[in-house]
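Colleague: Take a look at this one; I'll ask things after.
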Amino acid sequence: MSQQSATEVAILGGGCFWCLEAVYLEARGILRVESGYMGGTTPAPTYEQVCAGTTGHAEVVRLEFDPGVISYRDILEIFFTIHDPTTLNRQGNDVGTQYRSAIFFTSPEQEAMARKVMAEMASVWDAPIVTQVLPAEQWFKAEDYHQNYFAQHPLQGYCAFVVAPKVAKFRKTFTDRVK
């Protein structure tokens with residue numbers, strides 16, 4: 001572990017936040033993961049409002065990480081591996097702008113790295129990457145029952161059939177990054 005390195009924040013949207021949260025909770029160097037909403041116009045949106053698709057918000061995860069242990073680039077490589085960045089406003093059966101692929105950058109350096117990694121990952125996918133790269137906006141933490149959802153409900157249908165395979169893919173693909 002690095003000594004006294006400042007933490008940084010990454011904010012990512014890649015479909016249902018339960019999927020991203022479950023993966024990043026297992027990544028070495030990720031200190032905190034919170035599910036929430038960003039990118040919309042409704043102040044203090046609720047899950048029901050966001051799911052209705054009328055607020056403009058995306059379901060996102062806010063990651064606090066130690067850049068001495070995991071780089072922003074590594075976080076993005078995981079991101080582009082565990083979700084499909086080529087489907088507009090959709091991940092599997094989850095359809096709507098709230099499920100869009102998005103990177104909300106917090107600095108010009110993050111924006112530059114996001115664009116660089118996207119360009120590199122373009123050759124991996126059979127279709128164009130549609131991930132939005134946008135400046136971070138106001139963050140709204142999701143309701144408490146959404147936090148650490150997969151760990152609390154591993155046998156729930158969505159978790160078992162959608163979240164669990166993404167966690168398994170992360171563990172298999174990024175063995176050196178698992179806690």
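By order in the structure tokens, chains are A, B, ...; within a chain, residues start at 1; ligands start at 1, following the order shown.
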Name the residues in contact with range 89-106 of chain A at a cut-off of 10 Å, using only C-alpha atoms, excluding same-chain residues fewer than 2 positions from it; report them as a PyMOL selection string.

Modeller: chain A and resi 8-17+37-40+50-60+62+76+79-80+83-87+108-115+129-137+162

Colleague: Would you mind telling me which residue in A:Trp18, A:Ala164, A:Ala142, A:Phe170 lies nearest to Ile75 in chain A when using only C-alpha atoms?

Modeller: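 Checking each of A:Trp18, A:Ala164, A:Ala142, A:Phe170 against Ile75 in chain A, counting only C-alpha atoms, the winner is A:Phe170.
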
Colleague: Calculate how many Å separate CA of Pro45 in chain A from CA of Ile82 in chain A, rounding to one decimal.

Modeller: 26.4 Å

Colleague: For Thr175 in chain A, work out the shell of residues within 12 Å, counting only C-alpha atoms and skipping chain neighbours fewer than 4 positions away, then give it as a count of residues only.

Modeller: 10

Colleague: For the structure I just gave you, how does DSSP split range 34-169 of chain A - specifically, which residues are alpha helix (DSSP H)? Reply as a PyMOL selection string.

Modeller: chain A and resi 47-51+72-82+108-121+149-152+157-158+164-169

Colleague: Nearest to Pro128 in chain A among A:Ala6, A:Asn148, A:Phe174, A:Leu88, with distances taken over only C-alpha atoms: which residue is it?

Modeller: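 Of all the options, A:Leu88 lies closest to Pro128 in chain A.
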
Colleague: Could you tell me how far CA of Gly36 in chain A lies from CA of Tyr145 in chain A, in Å and to one decimal?

Modeller: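 A separation of 11.4 Å between them.
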
Colleague: Just how far from CA of Ala151 in chain A is CA of Ser35 in chain A, in Å to one decimal?

Modeller: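 Calculated distance between CA of Ser35 in chain A and CA of Ala151 in chain A is 13.4 Å.
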
Colleague: Enumerate the residues of chain A with a DSSP assignment of strand (DSSP E), computed from the backbone, and present them as a ChimeraX atom specification.

Modeller: /A:8-14,30-38,58-65,90-91,94-95,101-105,132-135,140-141

Colleague: Under the rule that only C-alpha atoms are counted, which of A:Val69, A:Val124, A:Val163, A:Val178 is the nearest residue to Ala22 in chain A?

Modeller: A:Val163

Colleague: Between A:Phe65, A:Thr42, A:Thr7, A:Pro154, which has the minimum distance to Ile30 in chain A (counting only C-alpha atoms)?

Modeller: A:Phe65

Colleague: Could you check the closest approach to Val33 in chain A for each of A:Ser123, A:Gln152, A:His146, A:Glu77 and tell me which residue wins, using only C-alpha atoms?

Modeller: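 Looking at the shortest contact to Val33 in chain A, the residue is A:His146.
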